[in-house]
Amino acid sequence: MKILGWIFVFLGSLLLLKEFQPSFLDWLGPYAPYIKNAFWGVTLIAFGLYMLVKRRTARKAVLVLYLLYLLLYLVV
């Protein structure tokens, strides 16, 4: 839970930084359509992997990777 809290703090700070300094994330601009269009595919793959994997650490890895993608999706 502590890691999830840090991810939310990082997400919030990125969103605030995007609000006040939009040029900070300009390098992600060319990739924005690819990140936005792949949302449902990435979501279904992450959900399927989460259901298939039995190990707890592997499940956490899938969850963290999906949260990183979600962070990119929200920021771009």
# chains A, B, ... in the order shown; residues from 1 in each chain; ligands from 1
>>> residues_around(residues="segment 6-9 of chain A", least_positions_apart="6", cutoff="10 Å", atoms="only C-alpha atoms", output="PyMOL selection string")
chain A and resi 15+64+67-68+71
>>> atom_distance(atom1="atom CA of Tyr50 of chain A", atom2="atom CA of Leu4 of chain A")
16.7 Å
>>> residues_around(residues="segment 30-40 of chain A", least_positions_apart="5", cutoff="8 Å", atoms="only C-alpha atoms", output="PyMOL selection string")
chain A and resi 72-73+76
>>> write_last_selection(atoms="C-alpha atoms", output="CSV table (one decimal), in the first residue's frame")
chain,number,residue,atom,x,y,z
A,72,LEU,CA,1.3,8.1,-19.0
A,73,TYR,CA,-2.3,8.0,-20.2
A,76,VAL,CA,-0.4,13.0,-22.0
>>> residues_around(residues="Val42 of chain A", least_positions_apart="5", cutoff="10 Å", atoms="only C-alpha atoms", output="list in words")
Ile35, Asn37, Phe47, Gly48, Tyr66, Tyr69 and Leu70 of chain A
>>> write_last_selection(atoms="C-alpha atoms", output="tab-separated table (two decimals), in the first residue's frame")
chain	number	residue	atom	x	y	z
A	35	ILE	CA	-0.66	5.99	-25.82
A	37	ASN	CA	-5.36	4.64	-28.74
A	47	PHE	CA	-6.14	-7.83	-16.69
A	48	GLY	CA	-5.54	-11.17	-18.41
A	66	TYR	CA	-0.25	-1.01	-15.66
A	69	TYR	CA	0.86	3.10	-18.31
A	70	LEU	CA	-2.15	4.71	-16.66
